[in-house]
$ cat protein-v5.tsv   # TSV, C-alpha atoms
chain	number	residue	atom	x	y	z
V	1	MET	CA	-97.99	-83.90	134.19
V	2	LYS	CA	-94.41	-84.66	135.24
V	3	PHE	CA	-92.62	-82.53	137.86
V	4	LEU	CA	-88.86	-82.27	138.33
V	5	VAL	CA	-88.05	-81.61	142.01
V	6	VAL	CA	-84.51	-80.32	142.63
V	7	ASP	CA	-83.14	-79.97	146.17
V	8	ASP	CA	-79.97	-81.17	147.91
V	9	SER	CA	-81.99	-81.94	151.04
V	10	ALA	CA	-83.63	-85.37	150.81
V	11	THR	CA	-86.07	-84.25	153.52
V	12	MET	CA	-87.20	-81.28	151.44
V	13	ARG	CA	-87.54	-83.39	148.29
V	14	ARG	CA	-89.84	-85.77	150.16
V	15	ILE	CA	-91.89	-82.91	151.61
V	16	VAL	CA	-92.32	-81.27	148.18
V	17	ILE	CA	-93.14	-84.59	146.48
V	18	ASN	CA	-95.65	-85.52	149.19
V	19	SER	CA	-97.21	-82.07	148.89
V	20	LEU	CA	-97.51	-82.56	145.13
V	21	GLN	CA	-99.11	-85.98	145.59
V	22	ARG	CA	-101.57	-84.48	148.02
V	23	ILE	CA	-102.78	-82.02	145.40
V	24	GLY	CA	-102.96	-84.69	142.74
V	25	TYR	CA	-99.59	-84.70	141.00
V	26	ASN	CA	-98.03	-88.14	141.31
V	27	ASP	CA	-95.54	-88.12	138.44
V	28	THR	CA	-92.26	-86.75	139.79
V	29	VAL	CA	-88.53	-86.96	139.10
V	30	GLU	CA	-85.92	-86.02	141.74
V	31	ALA	CA	-82.46	-84.43	141.49
V	32	GLY	CA	-79.98	-83.46	144.23
V	33	ASP	CA	-78.39	-80.48	142.45
V	34	GLY	CA	-78.49	-78.42	139.26
V	35	GLN	CA	-76.15	-80.68	137.32
V	36	GLU	CA	-78.19	-83.79	138.05
V	37	ALA	CA	-81.36	-81.86	137.22
V	38	LEU	CA	-79.96	-80.87	133.80
V	39	ALA	CA	-79.06	-84.49	133.14
V	40	LYS	CA	-82.57	-85.62	134.05
V	41	PHE	CA	-84.45	-82.84	132.28
V	42	ASP	CA	-86.16	-83.73	129.02
V	43	SER	CA	-89.23	-82.67	127.07
V	44	SER	CA	-91.48	-84.86	129.25
V	45	ILE	CA	-90.90	-82.54	132.23
V	46	ALA	CA	-93.78	-80.04	132.43
V	47	PHE	CA	-92.90	-78.23	135.64
V	48	VAL	CA	-89.69	-77.61	137.61
V	49	ILE	CA	-89.49	-76.93	141.36
V	50	THR	CA	-85.96	-76.05	142.44
V	51	ASP	CA	-84.02	-75.04	145.54
V	52	TRP	CA	-81.35	-72.29	145.30
V	53	ASN	CA	-78.40	-73.32	147.50
V	54	MET	CA	-77.03	-76.63	146.23
V	55	PRO	CA	-73.57	-78.10	145.64
V	56	ASN	CA	-72.08	-78.35	142.11
V	57	MET	CA	-74.72	-76.14	140.48
V	58	SER	CA	-77.14	-73.74	142.19
V	59	GLY	CA	-80.81	-73.33	141.36
V	60	THR	CA	-80.25	-70.00	139.60
V	61	GLU	CA	-77.37	-71.39	137.50
V	62	PHE	CA	-79.51	-74.40	136.62
V	63	THR	CA	-82.41	-72.15	135.58
V	64	LYS	CA	-80.12	-70.02	133.38
V	65	VAL	CA	-78.78	-73.10	131.58
V	66	LEU	CA	-82.30	-74.49	131.28
V	67	ARG	CA	-83.51	-71.25	129.67
V	68	SER	CA	-80.73	-71.47	127.09
V	69	ARG	CA	-81.97	-74.88	125.93
V	70	ASP	CA	-84.72	-75.22	123.35
V	71	ASP	CA	-86.59	-77.77	125.45
V	72	GLY	CA	-86.30	-75.73	128.67
V	73	ARG	CA	-87.04	-72.23	127.46
V	74	SER	CA	-90.73	-72.21	128.37
V	75	VAL	CA	-91.06	-74.75	131.17
V	76	PRO	CA	-92.39	-73.12	134.39
V	77	VAL	CA	-89.72	-72.90	137.09
V	78	LEU	CA	-90.80	-72.41	140.69
V	79	MET	CA	-88.02	-71.66	143.16
V	80	VAL	CA	-88.46	-72.93	146.74
V	81	THR	CA	-85.70	-71.52	148.92
V	82	ALA	CA	-84.74	-70.13	152.32
V	83	ARG	CA	-83.27	-67.05	150.61
V	84	SER	CA	-85.65	-64.15	150.99
V	85	VAL	CA	-83.84	-60.81	150.71
V	86	LYS	CA	-84.95	-58.52	147.90
V	87	GLU	CA	-81.69	-58.79	145.95
V	88	ASP	CA	-81.93	-62.58	145.94
V	89	ILE	CA	-85.51	-62.54	144.71
V	90	LEU	CA	-84.56	-60.17	141.87
V	91	THR	CA	-81.56	-62.35	140.99
V	92	ALA	CA	-83.85	-65.38	140.75
V	93	MET	CA	-86.19	-63.47	138.45
V	94	GLU	CA	-83.29	-62.43	136.23
V	95	ALA	CA	-82.19	-66.06	136.02
V	96	GLY	CA	-85.59	-66.95	134.57
V	97	VAL	CA	-87.54	-68.20	137.60
V	98	ASN	CA	-91.32	-67.77	137.13
V	99	ASN	CA	-92.35	-67.67	140.77
V	100	TYR	CA	-90.86	-67.92	144.23
V	101	ILE	CA	-91.71	-69.71	147.48
V	102	VAL	CA	-89.94	-68.94	150.75
V	103	LYS	CA	-89.14	-71.83	153.10
V	104	PRO	CA	-90.73	-72.97	155.33
V	105	PHE	CA	-93.84	-73.07	153.14
V	106	THR	CA	-97.38	-74.39	153.51
V	107	PRO	CA	-98.99	-76.79	151.00
V	108	GLN	CA	-101.56	-74.06	150.28
V	109	VAL	CA	-98.85	-71.68	149.05
V	110	LEU	CA	-97.35	-74.42	146.88
V	111	LYS	CA	-100.75	-75.15	145.35
V	112	GLU	CA	-101.44	-71.46	144.69
V	113	LYS	CA	-98.13	-70.96	142.90
V	114	ILE	CA	-98.51	-74.11	140.80
V	115	ASP	CA	-102.10	-73.23	139.89
V	116	ALA	CA	-100.99	-69.73	138.88
V	117	LEU	CA	-98.34	-71.11	136.52
V	118	LEU	CA	-100.28	-74.08	135.20
V	119	PRO	CA	-102.28	-72.26	132.52
V	120	ALA	CA	-98.96	-71.14	131.09
V	121	ALA	CA	-97.63	-74.69	131.33
V	122	ALA	CA	-100.67	-76.07	129.55
V	123	ALA	CA	-100.51	-73.43	126.79
M	1	MET	CA	-55.59	-37.38	166.53
M	2	SER	CA	-59.06	-38.88	166.99
M	3	SER	CA	-60.04	-40.38	170.33
M	4	SER	CA	-60.22	-43.88	168.78
M	5	ARG	CA	-56.73	-43.54	167.29
M	6	ALA	CA	-55.40	-42.21	170.61
M	7	HIS	CA	-56.96	-45.21	172.31
M	8	GLU	CA	-55.28	-47.56	169.81
M	9	VAL	CA	-51.88	-45.95	170.32
M	10	LEU	CA	-52.32	-46.13	174.07
M	11	TYR	CA	-53.29	-49.78	173.84
M	12	GLU	CA	-50.33	-50.63	171.60
M	13	SER	CA	-47.92	-48.69	173.74
M	14	GLU	CA	-49.13	-50.45	176.85
M	15	ALA	CA	-48.80	-53.84	175.19
M	16	ALA	CA	-45.29	-53.02	173.95
M	17	LEU	CA	-44.22	-51.71	177.34
M	18	ARG	CA	-45.51	-54.86	178.98
M	19	LEU	CA	-43.34	-56.93	176.65
M	20	VAL	CA	-40.32	-54.74	177.35
M	21	ASP	CA	-41.05	-54.93	181.08
M	22	GLN	CA	-41.27	-58.71	180.82
M	23	GLU	CA	-37.89	-58.82	179.08
M	24	LEU	CA	-36.29	-56.51	181.67
M	25	SER	CA	-37.75	-58.58	184.52
M	26	GLY	CA	-36.26	-61.68	182.94
M	27	MET	CA	-32.89	-59.99	182.69
M	28	HIS	CA	-33.22	-58.78	186.28
M	29	ASP	CA	-34.04	-62.29	187.53
M	30	ALA	CA	-31.11	-63.74	185.62
M	31	ARG	CA	-28.81	-61.09	187.02
M	32	ASP	CA	-29.97	-61.84	190.60
M	33	ALA	CA	-29.45	-65.55	190.13
M	34	ALA	CA	-26.06	-65.24	188.55
M	35	PRO	CA	-22.92	-63.72	190.09
M	36	PRO	CA	-22.68	-59.99	189.41
M	37	PRO	CA	-21.34	-59.47	185.88
M	38	ALA	CA	-18.38	-57.34	185.17
M	39	PRO	CA	-19.44	-53.83	184.15
M	40	THR	CA	-18.91	-54.05	180.39
M	41	ILE	CA	-21.40	-51.36	179.27
M	42	SER	CA	-20.06	-47.88	179.09
M	43	LEU	CA	-22.05	-44.68	178.78
M	44	SER	CA	-20.93	-44.32	175.18
M	45	ASP	CA	-22.74	-47.62	174.35
M	46	LEU	CA	-26.07	-46.31	175.65
M	47	PRO	CA	-27.29	-44.63	172.42
M	48	ASN	CA	-26.66	-47.85	170.54
M	49	ILE	CA	-28.52	-49.92	173.13
M	50	LEU	CA	-31.49	-47.51	173.13
M	51	GLU	CA	-31.59	-47.62	169.35
M	52	GLN	CA	-31.74	-51.42	169.46
M	53	ALA	CA	-34.48	-51.29	172.11
M	54	ASN	CA	-36.43	-48.84	169.96
M	55	ALA	CA	-36.14	-51.18	166.97
M	56	GLN	CA	-37.43	-54.06	169.09
M	57	ILE	CA	-40.39	-52.00	170.32
M	58	LEU	CA	-41.24	-50.97	166.76
M	59	ASN	CA	-41.08	-54.61	165.72
M	60	VAL	CA	-43.47	-55.60	168.53
M	61	LEU	CA	-45.85	-52.79	167.58
M	62	ALA	CA	-45.84	-53.89	163.96
M	63	ARG	CA	-46.71	-57.44	164.97
M	64	LEU	CA	-49.48	-56.21	167.26
M	65	ARG	CA	-50.96	-54.21	164.39
M	66	GLU	CA	-50.87	-57.27	162.16
M	67	SER	CA	-52.61	-59.42	164.77
M	68	ARG	CA	-55.27	-56.79	165.32
M	69	ALA	CA	-55.98	-56.72	161.59
M	70	ALA	CA	-56.25	-60.50	161.56
M	71	LEU	CA	-58.88	-60.38	164.28
M	72	GLN	CA	-60.78	-57.46	162.89
M	73	THR	CA	-64.18	-56.28	164.01
M	74	THR	CA	-66.03	-58.07	161.22
M	75	ALA	CA	-64.81	-61.38	162.59
M	76	LEU	CA	-66.32	-60.55	165.97
M	77	GLU	CA	-69.58	-59.53	164.33
M	78	ARG	CA	-69.71	-62.84	162.48
M	79	LEU	CA	-69.21	-64.70	165.75
M	80	GLN	CA	-72.08	-62.79	167.36
M	81	THR	CA	-74.37	-63.57	164.39
M	82	THR	CA	-73.37	-67.21	164.63
M	83	HIS	CA	-74.28	-67.27	168.30
M	84	GLU	CA	-77.74	-65.92	167.43
M	85	LYS	CA	-78.13	-68.51	164.65
M	86	ILE	CA	-77.31	-71.37	166.98
M	87	ARG	CA	-79.87	-70.10	169.46
M	88	GLU	CA	-82.39	-69.96	166.62
M	89	VAL	CA	-81.64	-73.60	165.75
M	90	THR	CA	-82.56	-74.59	169.30
M	91	SER	CA	-85.76	-72.57	169.13
M	92	ALA	CA	-86.76	-73.92	165.68
M	93	THR	CA	-86.12	-77.50	166.76
M	94	GLU	CA	-88.28	-77.06	169.85
M	95	ASP	CA	-91.09	-75.38	167.90
M	96	ALA	CA	-91.12	-78.20	165.35
M	97	ALA	CA	-91.10	-80.85	168.07
M	98	ILE	CA	-94.05	-79.17	169.84
M	99	ASN	CA	-96.00	-78.86	166.57
M	100	ILE	CA	-95.41	-82.53	165.80
M	101	MET	CA	-96.37	-83.63	169.32
M	102	ASP	CA	-99.57	-81.55	169.18
M	103	ALA	CA	-100.44	-83.13	165.83
M	104	CYS	CA	-99.72	-86.59	167.30
M	105	ASP	CA	-102.10	-85.88	170.19
M	106	ARG	CA	-104.84	-84.79	167.82
M	107	ALA	CA	-104.22	-87.80	165.54
M	108	THR	CA	-104.44	-90.18	168.51
M	109	GLN	CA	-107.78	-88.66	169.53
M	110	MET	CA	-109.07	-89.15	165.99
M	111	VAL	CA	-108.02	-92.80	165.97
M	112	ASP	CA	-109.90	-93.23	169.27
M	113	GLU	CA	-112.98	-91.61	167.69
M	114	LEU	CA	-112.71	-93.98	164.72
M	115	ASP	CA	-112.54	-96.94	167.14
M	116	THR	CA	-115.70	-95.70	168.87
M	117	ILE	CA	-117.50	-95.38	165.55
M	118	ASP	CA	-116.43	-98.89	164.54
M	119	GLN	CA	-117.70	-100.36	167.83
M	120	ALA	CA	-121.17	-98.81	167.42
M	121	GLU	CA	-124.07	-101.03	166.32
M	122	THR	CA	-124.68	-98.76	163.32
M	123	PRO	CA	-121.33	-97.08	162.50
M	124	ASP	CA	-121.57	-93.51	161.24
M	125	ARG	CA	-119.57	-93.94	158.02
M	126	GLU	CA	-119.97	-90.32	156.97
M	127	LYS	CA	-118.50	-89.08	160.25
M	128	ALA	CA	-115.68	-91.61	159.94
M	129	THR	CA	-114.86	-90.32	156.46
M	130	GLY	CA	-114.57	-86.78	157.82
M	131	ILE	CA	-112.33	-87.89	160.67
M	132	ARG	CA	-110.05	-89.78	158.26
M	133	ALA	CA	-109.69	-86.64	156.13
M	134	ASN	CA	-108.73	-84.66	159.23
M	135	LEU	CA	-106.33	-87.41	160.26
M	136	ARG	CA	-104.58	-87.15	156.89
M	137	ASP	CA	-104.31	-83.38	157.37
M	138	GLU	CA	-102.66	-83.90	160.75
M	139	LEU	CA	-100.17	-86.42	159.34
M	140	PHE	CA	-99.37	-84.00	156.54
M	141	LEU	CA	-98.88	-81.18	159.05
M	142	MET	CA	-96.33	-83.33	160.88
M	143	MET	CA	-94.42	-83.84	157.66
M	144	GLY	CA	-94.49	-80.11	156.87
M	145	ALA	CA	-93.09	-79.32	160.32
M	146	LEU	CA	-89.98	-81.29	159.34
M	147	GLN	CA	-88.96	-78.44	157.00
M	148	PHE	CA	-87.09	-77.03	159.99
M	149	GLN	CA	-84.43	-79.68	159.31
M	150	ASP	CA	-83.41	-78.11	155.98
M	151	ILE	CA	-83.23	-74.59	157.43
M	152	THR	CA	-81.45	-75.51	160.66
M	153	SER	CA	-78.91	-77.55	158.70
M	154	GLN	CA	-78.14	-74.37	156.68
M	155	GLN	CA	-77.81	-72.37	159.89
M	156	LEU	CA	-75.43	-74.95	161.33
M	157	ALA	CA	-73.43	-75.02	158.09
M	158	HIS	CA	-73.08	-71.23	158.36
M	159	ALA	CA	-71.96	-71.52	162.00
M	160	SER	CA	-69.44	-74.15	160.98
M	161	SER	CA	-68.03	-71.93	158.21
M	162	VAL	CA	-67.58	-69.06	160.69
M	163	LEU	CA	-65.69	-71.35	163.08
M	164	VAL	CA	-63.41	-72.51	160.24
M	165	ASP	CA	-62.81	-68.85	159.35
M	166	MET	CA	-61.96	-68.04	162.99
M	167	GLU	CA	-59.61	-71.02	163.07
M	168	GLN	CA	-57.80	-69.64	160.02
M	169	ARG	CA	-57.52	-66.17	161.56
M	170	LEU	CA	-56.21	-67.48	164.87
M	171	LEU	CA	-53.71	-69.63	163.02
M	172	ASP	CA	-52.56	-66.54	161.09
M	173	VAL	CA	-52.02	-64.71	164.39
M	174	ALA	CA	-50.18	-67.69	165.86
M	175	ARG	CA	-47.88	-67.69	162.80
M	176	LEU	CA	-46.95	-64.05	163.49
M	177	PHE	CA	-45.32	-65.07	166.74
M	178	ASP	CA	-44.24	-68.61	165.91
M	179	HIS	CA	-43.35	-69.51	162.33
M	180	ASN	CA	-43.15	-73.18	163.30
M	181	VAL	CA	-46.75	-73.32	164.46
M	182	ASP	CA	-47.68	-75.67	161.59
M	183	ALA	CA	-45.11	-78.16	162.78
M	184	GLY	CA	-47.03	-78.54	166.03
M	185	ARG	CA	-50.43	-80.00	166.68
M	186	ILE	CA	-52.28	-76.97	165.24
M	187	THR	CA	-53.48	-77.77	161.74
M	188	LEU	CA	-56.21	-76.08	159.71
M	189	ARG	CA	-59.33	-78.07	158.90
M	190	LYS	CA	-59.42	-79.14	155.27
M	191	ASP	CA	-63.12	-80.13	155.17
M	192	ALA	CA	-64.46	-76.57	155.15
M	193	VAL	CA	-68.17	-76.17	154.41
M	194	ASP	CA	-69.14	-75.48	150.80
M	195	GLU	CA	-70.59	-71.95	150.98
M	196	ALA	CA	-72.77	-72.64	147.93
M	197	THR	CA	-74.85	-75.11	149.95
M	198	PHE	CA	-76.28	-72.73	152.54
M	199	ASP	CA	-77.81	-69.29	152.91
M	200	PRO	CA	-76.19	-67.38	155.79
M	201	ASN	CA	-79.54	-65.62	156.38
M	202	ALA	CA	-81.64	-68.80	156.43
M	203	THR	CA	-84.34	-68.61	159.09
M	204	THR	CA	-87.56	-70.30	160.14
M	205	ARG	CA	-88.96	-67.00	161.40
M	206	ASN	CA	-91.61	-64.79	159.77
M	207	ALA	CA	-92.18	-67.06	156.77
M	208	GLU	CA	-95.45	-65.26	155.94
M	209	GLY	CA	-93.80	-61.84	155.90
M	210	ARG	CA	-90.92	-63.03	153.75
M	211	GLN	CA	-93.33	-64.76	151.34
M	212	ALA	CA	-95.35	-61.54	151.12
M	213	LEU	CA	-92.16	-59.66	150.15
M	214	ALA	CA	-91.40	-62.20	147.41
M	215	ASP	CA	-94.98	-61.96	146.11
M	216	GLU	CA	-94.82	-58.17	146.15
M	217	ILE	CA	-91.58	-58.15	144.13
M	218	PHE	CA	-92.89	-60.70	141.63
M	219	THR	CA	-96.04	-58.65	141.22
M	220	ALA	CA	-94.19	-55.33	140.89
M	221	VAL	CA	-91.54	-56.61	138.50
M	222	LYS	CA	-93.10	-58.58	135.73
M	223	ALA	CA	-92.02	-62.20	136.06
M	224	PRO	CA	-90.71	-63.88	132.89
M	225	ALA	CA	-93.52	-65.53	130.97
M	226	ALA	CA	-93.55	-69.31	131.23
$ encode --input "protein-v5.tsv" --output "C-alpha cells"
Amino acid sequence: MKFLVVDDSATMRRIVINSLQRIGYNDTVEAGDGQEALAKFDSSIAFVITDWNMPNMSGTEFTKVLRSRDDGRSVPVLMVTARSVKEDILTAMEAGVNNYIVKPFTPQVLKEKIDALLPAAAA
Amino acid sequence: MSSSRAHEVLYESEAALRLVDQELSGMHDARDAAPPPAPTISLSDLPNILEQANAQILNVLARLRESRAALQTTALERLQTTHEKIREVTSATEDAAINIMDACDRATQMVDELDTIDQAETPDREKATGIRANLRDELFLMMGALQFQDITSQQLAHASSVLVDMEQRLLDVARLFDHNVDAGRITLRKDAVDEATFDPNATTRNAEGRQALADEIFTAVKAPAA
C-alpha cells in the first residue's frame, strides 16, 4: 500500500514516514505542498496524509481538488495539522478530509486513524 | 459624553497644548536671543492670529487621531499574544530537549544491559530481544519529540508576521509627520512571512484535549465516506 505524505516541514515528513515504517508501511511518496502532491498523485496512491498550512496550496485546497478528480474521489485523506479549533476541523471535513490528527501526535494515534480508514481503503 | 471619550479629548487636548507650548517656547527663546523686534502686531490683527492658531491646533489634533488609529488596540493585543507565543517556544524547546535527554539516558542504560548480556557465559538472548525492542521504542520517542520543531517554527513565523505588521503601522505613523520618511534609512521589509504557511494558534500544549475535540467533532458530524 502506497502512502502520499504531504507537509512543508521536512522534519514532519520524516517523522510521519518513520511512524508509517514502524507500523509496517514502507511504500511512501513525499510532497512539500498541495501543488506538488497533486502532481505526484496517481492511482497507485492508496492513502494520503496531509498537513494544512503549506505554501502554494494548502491541505484543504489540495483535498478539494483531489476530490474533484476521478482517481482521487475515494482515496482516504488523513489531515495531520496544528490547527485544532472547531471551525478549522469542520472546514477540513467540508473539504473532504476523512479523519483528523492534531500535532503533536503519538504513533498510536496515527495507527488508530489509519486502521480506522483502512477497511474503506481496501474496499 | 462618555468617560472614555472625555479621557480621549483630554489626552488630545493635552498633546495639542504641549505642541503649542513647545512652539511658543521656541518663539520666546528666539525673541530673547534676538534684539527686541519692532511692535508690528496690532490688536486688530489678534482675531486673525487666533484663527490661524486654532487651525494649527485642529490640524495637530487630526494628525493625533490618525496616529492613534494606526496604533489601535488590536495591534497591542497582537503584540501581547506574540510575547506569549515566544515564551511558549522557549518552554516547548526545553520540554523537547528534556524528553530527548531522558530517552538518551534510558537508551544508554539499555546498551549497557546488552553489553552485560553479551559478556555472560550463556547470554540470555530472549532478554536481549526484549531490551532491543525497548531501545527501538526509546529511539522512536526521541524522533517524535522533534515534532516541536514544526510547531515552534509556526509560532515564530506568526511572531515575525506581527513584527512586520507593527513595522508597517509605525511607518504609517512616521509618514503622518514626515512625508520624506521613505527617503531616509527607514524602509519596510519586503520578505514578509507567507500567512498561509503557519497557524497563528499553533501550540504544543494540551495535544490530548485538542485531539479529543477533533475526534468528538468527527464522530458527531458524519465524516465523508472514503
$ interface_residues --input "protein-v5.tsv" --of "chain V" --to "chain M" --cutoff "7 Å" --atoms "all atoms listed in the file" --output "PyMOL selection string"
chain V and resi 9+12+15+53-55+74-76+82-84+89+93+96+98+100-104+120-121
$ atom_distance --input "protein-v5.tsv" --atom1 "CA of Lys40 in chain V" --atom2 "CA of Leu4 in chain V"
8.3 Å
$ residues_around --input "protein-v5.tsv" --residues "Tyr25 in chain V" --least-positions-apart "2" --cutoff "8 Å" --atoms "all atoms listed in the file" --output "PyMOL selection string"
chain V and resi 1-3+20-23+27-28
$ closest_residue --input "protein-v5.tsv" --among "V:Ala39, V:Gly72, V:Phe47, V:Gly32" --to "Asp115 in chain V" --atoms "only C-alpha atoms"
V:Phe47
$ closest_residue --input "protein-v5.tsv" --among "V:Leu90, V:Ile49, V:Val85, V:Leu38" --to "Ile17 in chain V" --atoms "only C-alpha atoms"
V:Ile49
